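Enquirer: This is the structure I want to talk about, given as structure tokens.
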Amino acid sequence: MERGDQQREFVIFRLDDEYFAFDVGQVAEIFAYQEPVRLPRAPKFLVGMIDVRGHMLPVVDLRLRAEVEAAHQPRHIMAIRLGERFIGAIVDEVCEVYEAEEEDIGDVAVLGDKLNSQYVRRALRWGRRLVPVVDATRLLTTEEALRLRRLRPNPRRRRGERREAGEKPPS
């Protein structure tokens with residue numbers, strides 16, 4: 001097997017001054033940050049929703065999950081695959097898509113007080129840094145995932161937004 005056959009790709013992102021990664025296969029798309037629309041009675045883990053080409057994407061703030069400061073305005077939202085569903089993840093910045101050699105990826109026993117081991121099982125070497133790899137399938141607890149499935153957003157527009165020609169009013 002050639003050396004290139006042993007590479008895996010990761011999306012490296014920043015939360016305050018900490019760096020994390022998702023396996024590239026778990027990231028469907030990256031968007032410029034837009035303020036999520038808050039939903040009444042939404043679960044606490046959900047900061048709101050954004051409209052992505054006519055589909056409502058529920059959004060969590062990874063800075064809250066990682067318990068890092070939200071000192072800066074976030075720059076990106078990543079659409080993360082959770083099985084057949086997607087969730088938006090607010091991050092301060094997406095840094096790069098990084099190809100790592102298999103020997104640069106290892107299991108993690110404990111990461112101290114940063115991201116809970118529920119979310120992180122591996123780390124990778126990125127230059128001189130060790131970067132925790134977030135497991136998207138563990139991003140939500142079972143209870144949170146069930147609450148998300150039951151959530152039915154009301155497609156109302158923000159104040160001042162207009163319907164496009166031919167669009168039906170919400171019922």
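For the structure tokens, the naming scheme is as follows: chains receive sequential letters (A, B, ...) according to their order of presentation, residues are indexed from 1 within each chain, and ligands are indexed from 1 in presentation order.
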Could you name the residues that touch Val37 (chain A) at 7 Å or less, counting only C-alpha atoms, but leaving out those on the same chain fewer than 4 positions away, as number ranges by chain?
Expert: A: 48-50
Enquirer: Please, could you write that set of residues out with all heavy atoms as a PDB file, in the first residue's frame?
Expert:
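Saved result, selection_27.pdb, follows:
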ATOM      1  N   GLY A  48     -30.788  28.001  17.835  1.00  0.00           N
ATOM      2  CA  GLY A  48     -31.702  28.530  16.838  1.00  0.00           C
ATOM      3  C   GLY A  48     -31.647  27.722  15.558  1.00  0.00           C
ATOM      4  O   GLY A  48     -31.156  26.597  15.542  1.00  0.00           O
ATOM      5  N   MET A  49     -32.160  28.339  14.483  1.00  0.00           N
ATOM      6  CA  MET A  49     -32.172  27.679  13.182  1.00  0.00           C
ATOM      7  C   MET A  49     -31.766  28.691  12.123  1.00  0.00           C
ATOM      8  O   MET A  49     -31.983  29.886  12.282  1.00  0.00           O
ATOM      9  CB  MET A  49     -33.552  27.118  12.878  1.00  0.00           C
ATOM     10  CG  MET A  49     -34.004  26.087  13.884  1.00  0.00           C
ATOM     11  SD  MET A  49     -35.453  25.206  13.337  1.00  0.00           S
ATOM     12  CE  MET A  49     -34.723  23.685  12.846  1.00  0.00           C
ATOM     13  N   ILE A  50     -31.206  28.174  11.023  1.00  0.00           N
ATOM     14  CA  ILE A  50     -30.919  29.017   9.861  1.00  0.00           C
ATOM     15  C   ILE A  50     -31.584  28.390   8.647  1.00  0.00           C
ATOM     16  O   ILE A  50     -31.833  27.184   8.617  1.00  0.00           O
ATOM     17  CB  ILE A  50     -29.399  29.199   9.610  1.00  0.00           C
ATOM     18  CG1 ILE A  50     -28.705  27.863   9.350  1.00  0.00           C
ATOM     19  CG2 ILE A  50     -28.751  29.961  10.754  1.00  0.00           C
ATOM     20  CD1 ILE A  50     -27.255  27.992   8.883  1.00  0.00           C
TER      21      ILE A  50
END
Enquirer: Do a neighbour search on region 69-83 of chain A at 6 Å with only C-alpha atoms, toss out local chain neighbours closer than 5 positions, and write the hits as number ranges by chain.
Expert: A: 26-33, 88-93, 137
Enquirer: Keeping N, CA and C atoms for every residue in the selection just given, could you write it to a file as an mmCIF file, in the first residue's frame?
Expert:
data_model
loop_
_atom_site.group_PDB
_atom_site.id
_atom_site.type_symbol
_atom_site.label_atom_id
_atom_site.label_comp_id
_atom_site.auth_asym_id
_atom_site.auth_seq_id
_atom_site.Cartn_x
_atom_site.Cartn_y
_atom_site.Cartn_z
ATOM 1 N N GLN A 26 -17.902 13.884 7.915
ATOM 2 C CA GLN A 26 -19.008 14.303 8.764
ATOM 3 C C GLN A 26 -19.433 15.745 8.497
ATOM 4 N N VAL A 27 -18.668 16.465 7.678
ATOM 5 C CA VAL A 27 -18.977 17.864 7.373
ATOM 6 C C VAL A 27 -19.570 17.929 5.966
ATOM 7 N N ALA A 28 -20.845 18.330 5.886
ATOM 8 C CA ALA A 28 -21.521 18.388 4.593
ATOM 9 C C ALA A 28 -21.230 19.689 3.868
ATOM 10 N N GLU A 29 -21.164 20.790 4.629
ATOM 11 C CA GLU A 29 -21.002 22.100 4.005
ATOM 12 C C GLU A 29 -20.557 23.099 5.069
ATOM 13 N N ILE A 30 -19.925 24.180 4.622
ATOM 14 C CA ILE A 30 -19.494 25.244 5.517
ATOM 15 C C ILE A 30 -20.102 26.554 5.011
ATOM 16 N N PHE A 31 -20.727 27.302 5.924
ATOM 17 C CA PHE A 31 -21.385 28.556 5.579
ATOM 18 C C PHE A 31 -20.738 29.708 6.331
ATOM 19 N N ALA A 32 -20.827 30.900 5.744
ATOM 20 C CA ALA A 32 -20.481 32.106 6.495
ATOM 21 C C ALA A 32 -21.509 32.224 7.617
ATOM 22 N N TYR A 33 -21.086 32.751 8.734
ATOM 23 C CA TYR A 33 -21.977 32.862 9.890
ATOM 24 C C TYR A 33 -23.165 33.763 9.575
ATOM 25 N N GLY A 88 -26.423 22.260 12.355
ATOM 26 C CA GLY A 88 -25.432 23.306 12.169
ATOM 27 C C GLY A 88 -24.590 23.436 13.422
ATOM 28 N N ALA A 89 -23.312 23.708 13.253
ATOM 29 C CA ALA A 89 -22.395 23.874 14.382
ATOM 30 C C ALA A 89 -21.682 25.216 14.234
ATOM 31 N N ILE A 90 -21.924 26.118 15.185
ATOM 32 C CA ILE A 90 -21.265 27.424 15.172
ATOM 33 C C ILE A 90 -19.830 27.254 15.651
ATOM 34 N N VAL A 91 -18.892 27.801 14.870
ATOM 35 C CA VAL A 91 -17.477 27.797 15.254
ATOM 36 C C VAL A 91 -16.912 29.186 15.004
ATOM 37 N N ASP A 92 -15.828 29.499 15.715
ATOM 38 C CA ASP A 92 -15.220 30.814 15.506
ATOM 39 C C ASP A 92 -14.644 30.924 14.104
ATOM 40 N N GLU A 93 -13.995 29.852 13.640
ATOM 41 C CA GLU A 93 -13.381 29.902 12.312
ATOM 42 C C GLU A 93 -13.056 28.491 11.828
ATOM 43 N N THR A 137 -21.243 11.948 15.713
ATOM 44 C CA THR A 137 -22.334 11.063 16.127
ATOM 45 C C THR A 137 -22.581 11.124 17.628
#
Enquirer: Hey, what does DSSP flag as alpha helix (DSSP H) within region 14-102 of chain A? Can you give it to me as a PyMOL selection string?
Expert: chain A and resi 62-65
Enquirer: Save the residues we just selected, C-alpha atoms, as a CSV table (one decimal), in the first residue's frame?
Expert:
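As a result, selection_6.csv now contains:
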chain,number,residue,atom,x,y,z
A,62,LEU,CA,-19.9,24.3,19.7
A,63,ARG,CA,-18.3,26.9,22.0
A,64,LEU,CA,-20.9,26.1,24.6
A,65,ARG,CA,-20.4,22.4,24.2
Enquirer: Closest to Val68 (chain A) among A:Leu39, A:Leu148, A:Leu15, A:Ala136, using only C-alpha atoms?
Expert: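 Closest to Val68 (chain A), using only C-alpha atoms: A:Leu15.
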Enquirer: Can you measure CA of Leu124 (chain A) to CA of Ala21 (chain A) for me? One decimal in Å is fine.
Expert: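 Between these atoms lies a distance of 8.5 Å.
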